[in-house]
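Q: Structure file model_29.cif (mmCIF, C-alpha atoms) right here:
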data_work
loop_
_atom_site.label_atom_id
_atom_site.label_comp_id
_atom_site.auth_asym_id
_atom_site.auth_seq_id
_atom_site.Cartn_x
_atom_site.Cartn_y
_atom_site.Cartn_z
CA MET A 40 -22.34 17.88 26.05
CA LEU A 41 -20.95 16.36 22.87
CA LYS A 42 -18.40 19.15 22.49
CA ASP A 43 -16.82 18.46 25.88
CA THR A 44 -16.81 14.69 25.37
CA LEU A 45 -15.35 15.06 21.87
CA ARG A 46 -12.65 17.48 23.01
CA GLN A 47 -11.68 15.16 25.82
CA TYR A 48 -11.64 12.18 23.45
CA ILE A 49 -9.36 13.94 20.94
CA LEU A 50 -7.07 15.34 23.62
CA GLU A 51 -6.64 11.93 25.23
CA ASN A 52 -6.54 9.69 22.16
CA PHE A 53 -4.80 11.77 19.52
CA LEU A 54 -2.76 14.35 21.44
CA PHE A 55 -2.00 12.34 24.59
CA SER A 56 -2.61 15.51 26.54
CA ASP A 57 -4.69 16.71 29.47
CA ASN A 58 -4.08 20.35 28.61
CA PRO A 59 -7.26 21.87 27.07
CA SER A 60 -5.27 24.65 25.40
CA ASP A 61 -3.64 22.07 23.09
CA LEU A 62 -6.85 21.94 21.03
CA ALA A 63 -8.87 24.95 19.89
CA ASP A 64 -12.42 24.34 18.77
CA ASP A 65 -11.71 25.66 15.27
CA ASP A 66 -8.35 23.94 14.79
CA SER A 67 -8.25 22.09 11.46
CA PHE A 68 -7.38 18.49 12.26
CA MET A 69 -5.65 18.09 8.91
CA GLU A 70 -3.74 21.38 8.77
CA LYS A 71 -2.55 21.07 12.37
CA GLU A 72 -1.77 17.40 11.76
CA ILE A 73 -3.91 16.37 14.72
CA ILE A 74 -5.83 13.61 12.91
CA ASP A 75 -4.98 11.98 9.58
CA SER A 76 -7.36 10.30 7.16
CA THR A 77 -7.17 6.97 8.99
CA GLY A 78 -7.68 8.67 12.33
CA ILE A 79 -10.85 10.31 11.08
CA LEU A 80 -12.34 6.83 10.63
CA GLU A 81 -11.76 6.32 14.34
CA VAL A 82 -13.51 9.60 15.10
CA ILE A 83 -16.45 8.51 12.93
CA GLU A 84 -16.72 5.25 14.86
CA PHE A 85 -16.64 7.26 18.10
CA LEU A 86 -19.36 9.66 16.89
CA GLU A 87 -21.63 6.88 15.67
CA GLU A 88 -21.45 5.23 19.09
CA GLU A 89 -21.47 8.36 21.22
CA ALA A 90 -24.12 10.38 19.38
CA GLY A 91 -26.16 7.45 18.09
CA ILE A 92 -25.99 8.62 14.49
CA THR A 93 -25.08 6.92 11.21
CA ILE A 94 -22.66 8.85 9.02
CA GLU A 95 -23.14 8.27 5.30
CA ASP A 96 -20.24 8.09 2.84
CA GLU A 97 -21.11 11.43 1.26
CA GLU A 98 -21.08 13.07 4.69
CA MET A 99 -17.47 12.00 5.34
CA VAL A 100 -16.02 15.31 4.14
CA PRO A 101 -13.77 17.89 5.83
CA GLU A 102 -16.63 20.41 5.83
CA ASN A 103 -18.38 18.20 8.40
CA LEU A 104 -15.50 16.64 10.30
CA ASP A 105 -12.30 18.72 10.21
CA SER A 106 -12.62 20.50 13.57
CA VAL A 107 -14.43 20.20 16.87
CA ASN A 108 -16.85 22.97 15.94
CA ARG A 109 -17.56 21.49 12.51
CA ILE A 110 -18.30 18.10 14.03
CA VAL A 111 -20.59 19.55 16.68
CA ARG A 112 -22.56 21.54 14.08
CA PHE A 113 -22.74 18.50 11.80
CA VAL A 114 -23.99 16.19 14.54
CA GLU A 115 -26.56 18.74 15.70
CA ARG A 116 -27.86 19.04 12.13
CA LYS A 117 -28.07 15.25 11.87
CA GLN A 118 -29.91 14.93 15.16
CA GLN A 119 -32.37 17.69 14.26
CA GLY A 120 -32.93 16.34 10.74
CA MET B 199 3.79 14.01 -26.76
CA SER B 200 2.17 13.22 -23.43
CA LEU B 201 3.92 13.81 -20.14
CA LEU B 202 3.97 10.03 -19.62
CA GLU B 203 5.90 9.50 -22.86
CA GLU B 204 8.12 12.58 -22.61
CA LYS B 205 9.13 12.56 -18.94
CA ILE B 206 8.56 9.05 -17.65
CA LEU B 207 8.88 6.45 -20.39
CA SER B 208 11.75 8.07 -22.23
CA ILE B 209 14.52 6.97 -19.86
CA ASP B 210 17.65 5.29 -21.24
CA TYR B 211 17.00 1.72 -20.07
CA ASP B 212 20.48 0.41 -20.87
CA ARG B 213 22.06 3.17 -18.82
CA GLU B 214 19.56 2.61 -16.02
CA ILE B 215 20.30 -1.11 -15.90
CA GLU B 216 24.01 -0.32 -15.72
CA ARG B 217 23.49 2.19 -12.90
CA ILE B 218 21.31 -0.20 -10.91
CA THR B 219 23.48 -3.29 -11.34
CA ASP B 220 26.60 -1.26 -10.46
CA MET B 221 24.88 -0.17 -7.28
CA MET B 222 23.86 -3.75 -6.44
CA ARG B 223 27.39 -5.08 -6.88
CA ARG B 224 28.88 -2.17 -4.96
CA TYR B 225 26.42 -2.74 -2.12
CA LEU B 226 27.27 -6.43 -1.86
CA ARG B 227 31.01 -5.85 -2.07
CA GLN B 228 31.48 -2.74 0.04
CA THR B 229 28.53 -2.53 2.42
CA ALA B 230 26.84 -5.86 3.06
CA HIS B 231 29.79 -8.15 2.34
CA ARG B 232 27.35 -10.77 1.13
CA ARG B 233 27.73 -13.21 -1.73
CA GLY B 234 24.46 -13.04 -3.63
CA LEU B 235 20.83 -11.96 -3.65
CA VAL B 236 17.50 -13.40 -2.51
CA VAL B 237 14.37 -12.25 -4.31
CA ALA B 238 10.83 -13.34 -3.47
CA ILE B 239 9.02 -13.53 -6.79
CA SER B 240 5.26 -13.06 -6.85
CA GLY B 241 4.66 -13.18 -10.59
CA GLY B 242 4.11 -9.42 -10.56
CA ILE B 243 6.07 -6.92 -12.58
CA ASP B 244 8.16 -5.44 -9.75
CA SER B 245 9.63 -8.62 -8.32
CA SER B 246 10.14 -10.01 -11.83
CA VAL B 247 12.21 -7.00 -12.85
CA CYS B 248 14.13 -7.07 -9.57
CA ALA B 249 15.00 -10.74 -10.09
CA ALA B 250 16.12 -10.04 -13.64
CA LEU B 251 18.24 -7.10 -12.47
CA ALA B 252 19.76 -9.31 -9.77
CA VAL B 253 20.78 -11.81 -12.44
CA GLU B 254 22.24 -8.99 -14.54
CA ALA B 255 24.17 -7.75 -11.50
CA VAL B 256 25.67 -10.94 -10.08
CA GLY B 257 24.85 -13.76 -12.47
CA ARG B 258 22.16 -16.42 -12.28
CA LYS B 259 24.14 -18.70 -9.94
CA ARG B 260 24.19 -16.06 -7.20
CA VAL B 261 20.47 -15.37 -7.19
CA LEU B 262 17.96 -17.38 -5.17
CA ALA B 263 14.28 -16.95 -6.03
CA LEU B 264 11.55 -17.76 -3.53
CA ARG B 265 7.97 -18.57 -4.44
CA LEU B 266 5.83 -18.17 -1.32
CA PRO B 267 2.17 -18.70 -2.22
CA GLU B 268 -0.69 -18.93 0.26
CA ALA B 269 -4.36 -19.85 0.17
CA ASP B 270 -5.47 -16.58 -1.45
CA SER B 271 -2.72 -16.38 -4.09
CA SER B 272 -4.08 -16.61 -7.61
CA ASP B 273 -3.08 -19.41 -9.97
CA ALA B 274 -2.08 -16.80 -12.56
CA THR B 275 0.56 -15.19 -10.36
CA GLY B 276 1.91 -18.61 -9.41
CA ASP B 277 2.21 -19.59 -13.06
CA ARG B 278 3.99 -16.35 -13.92
CA SER B 279 6.51 -16.67 -11.11
CA LEU B 280 7.33 -20.18 -12.30
CA MET B 281 7.67 -18.88 -15.85
CA LEU B 282 10.07 -16.18 -14.65
CA ALA B 283 12.21 -18.64 -12.70
CA GLU B 284 12.49 -20.86 -15.76
CA HIS B 285 13.18 -17.89 -18.03
CA LEU B 286 15.99 -16.62 -15.79
CA ASP B 287 17.16 -20.17 -15.06
CA ILE B 288 17.73 -19.42 -11.38
CA GLU B 289 17.59 -21.65 -8.33
CA THR B 290 14.04 -21.47 -6.99
CA ILE B 291 12.51 -22.69 -3.77
CA THR B 292 8.73 -22.91 -3.42
CA THR B 293 7.35 -22.83 0.12
CA PRO B 294 3.59 -22.54 0.52
CA ILE B 295 2.96 -20.43 3.62
CA THR B 296 -0.73 -21.21 4.20
CA ASP B 297 -0.04 -23.52 7.17
CA ILE B 298 2.24 -20.96 8.81
CA LEU B 299 -0.38 -18.24 8.34
CA SER B 300 -3.07 -20.51 9.76
CA ALA B 301 -0.93 -21.31 12.78
CA ILE B 302 -0.31 -17.61 13.48
CA GLY B 303 -4.03 -16.84 13.20
CA CYS B 304 -3.96 -14.80 10.01
CA TYR B 305 -7.12 -16.19 8.46
CA GLN B 306 -8.93 -16.59 11.78
CA TRP B 307 -8.43 -12.96 12.84
CA ARG B 308 -9.32 -11.72 9.36
CA ASP B 309 -12.46 -13.82 9.11
CA SER B 310 -13.70 -12.89 12.57
CA ALA B 311 -13.59 -9.21 11.55
CA ILE B 312 -15.33 -10.02 8.27
CA ARG B 313 -18.06 -11.91 10.11
CA GLU B 314 -18.80 -8.80 12.19
CA VAL B 315 -19.92 -7.27 8.90
CA PHE B 316 -21.25 -10.34 7.08
CA PRO B 317 -22.17 -13.01 9.71
CA ASP B 318 -22.69 -15.74 7.09
CA TYR B 319 -19.12 -15.41 5.73
CA GLY B 320 -17.34 -18.78 5.73
CA ASP B 321 -16.04 -21.56 3.51
CA GLY B 322 -16.54 -20.90 -0.18
CA TRP B 323 -16.77 -17.12 0.27
CA LYS B 324 -14.23 -14.65 -1.08
CA ASN B 325 -13.28 -11.16 0.05
CA LYS B 326 -11.44 -7.98 -0.77
CA ILE B 327 -11.15 -4.42 0.51
CA VAL B 328 -11.83 -1.47 -1.76
CA LEU B 329 -10.71 2.13 -1.17
CA GLU B 330 -13.26 4.88 -1.79
CA GLY B 331 -13.85 8.54 -1.20
CA GLY B 332 -10.58 10.36 -1.94
CA LEU B 333 -11.49 11.54 -5.42
CA GLU B 334 -15.01 12.48 -4.37
CA GLY B 335 -13.66 14.95 -1.82
CA GLN B 336 -14.44 12.54 1.01
CA TYR B 337 -12.00 11.09 3.49
CA ASN B 338 -10.59 7.83 2.24
CA HIS B 339 -12.53 4.93 3.64
CA PHE B 340 -12.74 1.24 2.98
CA LYS B 341 -15.48 -1.04 1.75
CA LEU B 342 -15.44 -4.76 2.37
CA VAL B 343 -16.61 -6.68 -0.69
CA VAL B 344 -17.50 -10.34 -0.26
CA GLU B 345 -18.70 -12.90 -2.76
CA ASP B 346 -20.93 -15.71 -1.52
CA PRO B 347 -20.62 -19.28 -2.87
CA GLU B 348 -23.37 -18.52 -5.43
CA GLY B 349 -21.25 -15.73 -6.89
CA ARG B 350 -23.31 -12.82 -5.53
CA GLN B 351 -21.27 -9.86 -4.34
CA HIS B 352 -22.13 -7.80 -1.26
CA SER B 353 -20.43 -4.60 -0.11
CA ARG B 354 -20.44 -2.59 3.10
CA ARG B 355 -18.29 0.15 4.62
CA LEU B 356 -15.91 -1.12 7.25
CA GLU B 357 -15.83 0.37 10.69
CA TYR B 358 -12.43 1.54 11.84
CA HIS B 359 -11.63 -1.41 14.12
CA GLN B 360 -12.81 -3.93 11.52
CA TYR B 361 -10.61 -2.37 8.85
CA LEU B 362 -7.60 -2.36 11.16
CA GLN B 363 -8.07 -6.00 12.11
CA ILE B 364 -8.42 -7.22 8.53
CA VAL B 365 -5.36 -5.31 7.38
CA ALA B 366 -3.34 -6.31 10.45
CA ALA B 367 -4.20 -9.97 9.83
CA THR B 368 -3.37 -9.89 6.12
CA ASN B 369 -0.10 -8.06 6.86
CA HIS B 370 1.05 -11.39 8.32
CA LYS B 371 1.43 -12.55 4.72
CA GLN B 372 4.09 -10.01 3.82
CA ARG B 373 5.84 -10.41 7.16
CA ILE B 374 6.01 -14.21 7.04
CA ARG B 375 7.39 -13.99 3.51
CA LYS B 376 10.08 -11.58 4.72
CA THR B 377 10.99 -13.93 7.57
CA LEU B 378 11.59 -16.71 5.05
CA GLU B 379 13.55 -14.39 2.75
CA TYR B 380 15.92 -13.53 5.58
CA PHE B 381 16.21 -17.17 6.62
CA HIS B 382 17.48 -18.07 3.17
CA ALA B 383 19.62 -14.93 2.97
CA ASP B 384 21.31 -15.81 6.27
CA ARG B 385 21.65 -19.44 5.24
CA LYS B 386 23.49 -18.52 2.05
CA ASN B 387 25.13 -15.27 3.23
CA TYR B 388 23.07 -13.38 0.65
CA ALA B 389 21.30 -9.98 0.82
CA VAL B 390 17.54 -9.51 0.47
CA VAL B 391 16.19 -7.55 -2.46
CA GLY B 392 13.12 -5.38 -1.81
CA THR B 393 10.83 -4.72 -4.72
CA PRO B 394 8.90 -1.47 -4.15
CA ASN B 395 8.75 0.96 -7.04
CA LEU B 396 8.67 4.75 -6.67
CA LEU B 397 4.88 4.92 -6.62
CA GLU B 398 4.72 2.42 -3.77
CA TYR B 399 7.69 3.95 -1.96
CA ASP B 400 6.47 7.55 -2.17
CA GLN B 401 2.91 6.66 -1.20
CA GLY B 402 3.76 4.16 1.52
CA PHE B 403 2.14 1.17 -0.15
CA PHE B 404 3.97 -1.57 1.68
CA VAL B 405 3.95 -3.37 5.00
CA LYS B 406 6.48 -2.28 7.61
CA ASN B 407 8.78 -5.19 8.38
CA GLY B 408 7.06 -6.98 5.51
CA ASP B 409 7.58 -6.13 1.88
CA GLY B 410 8.94 -2.75 3.02
CA SER B 411 11.94 -4.45 4.61
CA ALA B 412 15.02 -5.27 2.57
CA ASP B 413 18.75 -4.73 2.26
CA ILE B 414 18.63 -3.26 -1.21
CA LYS B 415 15.77 -1.69 -3.20
CA PRO B 416 16.89 -1.50 -6.81
CA ILE B 417 13.73 -0.04 -8.38
CA ALA B 418 12.62 2.32 -5.59
CA HIS B 419 13.44 5.29 -7.86
CA LEU B 420 11.44 4.03 -10.88
CA TYR B 421 7.84 4.86 -11.69
CA LYS B 422 5.62 1.84 -12.26
CA SER B 423 5.43 2.58 -16.00
CA GLN B 424 9.22 2.59 -16.10
CA VAL B 425 9.28 -0.81 -14.39
CA TYR B 426 7.01 -2.14 -17.15
CA GLY B 427 9.33 -0.55 -19.72
CA MET B 428 12.29 -2.15 -18.00
CA ALA B 429 10.59 -5.56 -18.11
CA ARG B 430 10.15 -5.25 -21.87
CA HIS B 431 13.71 -4.02 -22.29
CA LEU B 432 15.02 -6.97 -20.27
CA GLY B 433 13.07 -9.32 -22.56
CA LEU B 434 10.88 -10.85 -19.84
CA PRO B 435 8.05 -13.13 -21.04
CA ASP B 436 4.93 -11.41 -22.38
CA PRO B 437 2.53 -12.68 -19.68
CA ILE B 438 4.74 -10.95 -17.09
CA CYS B 439 5.11 -7.73 -19.11
CA ASP B 440 1.33 -7.62 -19.65
CA ALA B 441 0.32 -8.48 -16.07
CA VAL B 442 -2.15 -6.09 -14.45
CA PRO B 443 -0.94 -5.00 -10.99
CA THR B 444 -2.85 -6.75 -8.21
CA THR B 445 -2.29 -7.07 -4.50
CA ASP B 446 -2.64 -10.88 -4.68
CA THR B 447 -3.46 -10.68 -0.98
CA TYR B 448 -7.24 -11.01 -0.90
CA SER B 449 -9.22 -13.92 -2.35
CA LEU B 450 -11.27 -11.76 -4.74
CA ALA B 451 -9.28 -10.23 -7.61
CA GLN B 452 -8.17 -6.81 -6.44
CA GLY B 453 -6.35 -4.15 -8.44
CA GLN B 454 -3.79 -2.01 -6.61
CA ASP B 455 -5.82 1.07 -7.63
CA GLU B 456 -8.89 -0.42 -5.92
CA PHE B 457 -7.08 -1.04 -2.68
CA TYR B 458 -4.73 1.88 -2.34
CA PHE B 459 -4.05 4.21 -5.25
CA ALA B 460 -6.65 6.69 -6.38
CA LEU B 461 -6.04 6.06 -10.09
CA PRO B 462 -4.71 3.31 -12.40
CA TYR B 463 -0.93 3.20 -12.30
CA GLN B 464 -0.25 5.00 -15.58
CA GLN B 465 -2.29 7.98 -14.38
CA MET B 466 -0.84 7.75 -10.87
CA ASP B 467 2.66 7.89 -12.36
CA VAL B 468 1.76 11.07 -14.21
CA ALA B 469 0.10 12.57 -11.15
CA LEU B 470 3.04 11.74 -8.90
CA TRP B 471 5.57 13.05 -11.42
CA ALA B 472 3.55 16.26 -11.71
CA TYR B 473 3.31 16.58 -7.93
CA ARG B 474 7.00 15.93 -7.33
CA ASN B 475 7.95 18.41 -10.03
CA GLY B 476 5.65 21.16 -8.81
CA LEU B 477 3.19 21.24 -11.71
CA PRO B 478 -0.03 23.08 -10.83
CA ALA B 479 -3.26 21.07 -10.74
CA SER B 480 -4.44 22.90 -13.87
CA GLU B 481 -1.62 21.26 -15.88
CA LEU B 482 -2.25 17.85 -14.37
CA SER B 483 -5.94 18.12 -15.26
CA GLY B 484 -4.96 18.70 -18.90
CA GLU B 485 -2.61 15.73 -18.90
CA LEU B 486 -5.15 13.34 -17.41
CA GLY B 487 -8.25 14.79 -19.05
CA ILE B 488 -9.93 15.42 -15.69
CA SER B 489 -11.31 18.57 -14.09
CA GLU B 490 -8.98 20.88 -12.18
CA GLU B 491 -11.01 20.22 -9.05
CA ARG B 492 -10.44 16.47 -9.44
CA ALA B 493 -6.73 17.06 -10.08
CA GLN B 494 -6.61 19.02 -6.79
CA LEU B 495 -8.20 16.04 -5.05
CA VAL B 496 -5.55 13.75 -6.57
CA TYR B 497 -2.83 16.02 -5.14
CA ARG B 498 -4.62 16.10 -1.79
CA ASP B 499 -4.78 12.30 -1.80
CA ILE B 500 -1.05 12.06 -2.56
CA GLU B 501 -0.31 14.39 0.36
CA ALA B 502 -2.66 12.52 2.71
CA LYS B 503 -1.02 9.17 1.96
CA ARG B 504 2.44 10.65 2.44
CA ARG B 505 1.46 12.04 5.84
CA MET B 506 -0.22 8.81 6.87
CA THR B 507 2.72 6.59 5.98
CA GLU B 508 5.84 8.71 6.44
CA TYR B 509 6.70 6.95 9.68
CA LEU B 510 7.01 3.66 7.77
CA VAL B 511 10.36 4.65 6.33
CA MET B 512 11.75 6.42 9.38
CA ASP B 513 14.38 5.01 11.68
CA PRO B 514 13.01 4.01 15.07
CA ALA B 515 12.71 7.01 17.39
CA SER B 516 15.23 7.36 20.18
CA LEU B 517 15.96 10.20 22.56
CA GLU B 518 19.49 10.63 21.31
CA PRO B 519 21.34 9.28 18.28
CA VAL B 520 23.02 6.00 19.24
CA GLN B 521 26.24 5.21 17.45
#
Rewrite the structure of this file - the entire thing - as structure tokens.
A:
Amino acid sequence: MLKDTLRQYILENFLFSDNPSDLADDDSFMEKEIIDSTGILEVIEFLEEEAGITIEDEEMVPENLDSVNRIVRFVERKQQG
Amino acid sequence: MSLLEEKILSIDYDREIERITDMMRRYLRQTAHRRGLVVAISGGIDSSVCAALAVEAVGRKRVLALRLPEADSSDATGDRSLMLAEHLDIETITTPITDILSAIGCYQWRDSAIREVFPDYGDGWKNKIVLEGGLEGQYNHFKLVVEDPEGRQHSRRLEYHQYLQIVAATNHKQRIRKTLEYFHADRKNYAVVGTPNLLEYDQGFFVKNGDGSADIKPIAHLYKSQVYGMARHLGLPDPICDAVPTTDTYSLAQGQDEFYFALPYQQMDVALWAYRNGLPASELSGELGISEERAQLVYRDIEAKRRMTEYLVMDPASLEPVQ
């Protein structure tokens, strides 16, 4: 499950936490200061490797990448399309 | 009258020079107990103005200028720094740092990351990094642009680890320069002048322990346009006053707005002034002749860069304050 892998990745790499309640699926990475604009490049690299997708420049927007749920929906759309 | 003219360019330069040079003398006398000032001069506007202010503050015999070119420095910046040194008539030491950078692996680490993207990259090629995305509503990301020996340019988005490695490697340049500045400062019992302007300081456009490190930062409160105005007021040579800001760090010509800032410096000054003074995006859009949506993106970019770089100017973290 991408959602579980992604949550684990963000908890471990950005929050240095093993407590699942530190990250809600709809938490805005920017507003909650979980991931900054450089960090999102790291997430993109992770997603491209993990989900086997290529993320285009125009897809690198908060609407697609600013929370766990947004990322999961975005990746699912990419994989279906 | 535009906001740039009314709020930014209209400062009293004589009074500002007096305030700054007073501060520099006071710092040397009361805080640092040092006898003069070291300034690394790049040929750019900021270091040129800082060197001129240093001369105004303590006299030309107590200012040491350093020219520290490396393999990717442009001839134009080298010529301008020499012109400045002659104009100010200050002692100047030129130390090319290419061999030091080679020994520390600067070019090797950079080029190995570049070759992940462009495997043919090698002798005779040039490179630069270009920032994109922020004003299109995207996350900021970085393109690597290379020019092959036939003059053809190629561009590709950098992956995160490639971007980090290229920037980490090129940061050696600013850090080696700072090492040499402090060597000469210690040798002469001088203080080191740092040259960031307000735009660079506010937006974190400097290398920690590199050009961000200094004992005294005389123009950190001045917008870039004010630094240009100060250069004219101080009577610096025209080629310096007219110089376009570049990073002078990558082998392809690279404007600071390409690498870091979302807009050319005059517009960035206006945007930053507007942001710091609480002007709504609707007013900024009128000033810059851009849509309100784009003005909002400029503000968002300013905030993102502040968040990303705020740790650069913080004291090291410790559990308790240590006296």
Q: Expanded to explicit residues, what is the PyMOL selection byres ((chain B) within 8 of (chain A)) for this file, as a compact mmCIF listing (two decimals) with C-alpha atoms, in the frame of the given file?
A:
# COMPACT_ATOMS: atom_id res chain seq x y z
CA GLY B 331 -13.85 8.54 -1.20
CA GLY B 335 -13.66 14.95 -1.82
CA GLN B 336 -14.44 12.54 1.01
CA TYR B 337 -12.00 11.09 3.49
CA ASN B 338 -10.59 7.83 2.24
CA HIS B 339 -12.53 4.93 3.64
CA GLU B 357 -15.83 0.37 10.69
CA TYR B 358 -12.43 1.54 11.84
CA HIS B 359 -11.63 -1.41 14.12
CA ALA B 502 -2.66 12.52 2.71
CA ARG B 505 1.46 12.04 5.84
CA MET B 506 -0.22 8.81 6.87
Q: Which polymer residues have any atom within 10 Å of an atom of Arg109 (chain A), counting all atoms listed in the file, with same-chain residues fewer than 6 positions away left out, as a ChimeraX atom specification?
A: /A:64-67,101-103,115
Q: Work out how far apart CA of Ala451 (chain B) and CA of Val365 (chain B) are and give it in Å to one decimal.
A: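 Between CA of Ala451 (chain B) and CA of Val365 (chain B) the gap is 16.3 Å.
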Q: Suppose a student applies the PyMOL selection byres ((chain B and resi 251) around 10) to this structure; what residues should they get, written as a VMD selection string?
A: chain B and resid 215 to 216 218 to 219 222 245 to 250 252 to 257 416 to 417 428 to 429 432
Q: Would you pick out the contacts of Ala389 (chain B) at 7 Å or less, using all atoms listed in the file, so that residues sharing its chain but fewer than 3 positions from it are not included, and give the list as number ranges by chain?
A: B: 232, 234-236, 383, 413
Q: Assuming the chain letters and numbering stay as they are in my file, what does the PyMOL selection byres ((chain B and resi 342-356) around 9) actually select? List them as a list in words.
A: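 For this structure, the PyMOL selection byres ((chain B and resi 342-356) around 9) captures Asp96 of chain A; Ile312, Val315, Phe316, Asp318, Tyr319, Gly320, Asp321, Gly322, Trp323, Lys324, Asn325, Lys326, Ile327, Val328, His339, Phe340, Lys341, Glu357, Tyr358, His359, Gln360, Tyr361 and Leu450 of chain B.
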Q: Between CA of Met466 (chain B) and CA of Gln372 (chain B), what is the distance, to one decimal in Å?
A: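 We find that CA of Met466 (chain B) and CA of Gln372 (chain B) lie 23.6 Å from each other.
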Q: Hey, what's within 8 Å of Ile92 (chain A) if we count all atoms listed in the file and toss same-chain stuff fewer than 5 positions away? As a list in words, please?
A: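 In the requested format, the answer is Leu86, Glu87, Val114, Lys117 and Gln118 of chain A.
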Q: Residues near Ser480 (chain B), anyone? I mean within 10 Å using only C-alpha atoms, not counting same-chain ones fewer than 5 positions away, as a list of chain:residue names.
A: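 Final neighbour list, sorted by chain and number: B:Glu485, B:Ile488, B:Ser489, B:Glu490, B:Glu491, B:Arg492, B:Ala493, B:Gln494.
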Q: Tell me which protein, DNA and RNA residues are within 9 Å of Leu41 (chain A), counting only C-alpha atoms, leaving out same-chain ones fewer than 6 positions away, and put them as a ChimeraX atom specification.
A: /A:89-90,111,114
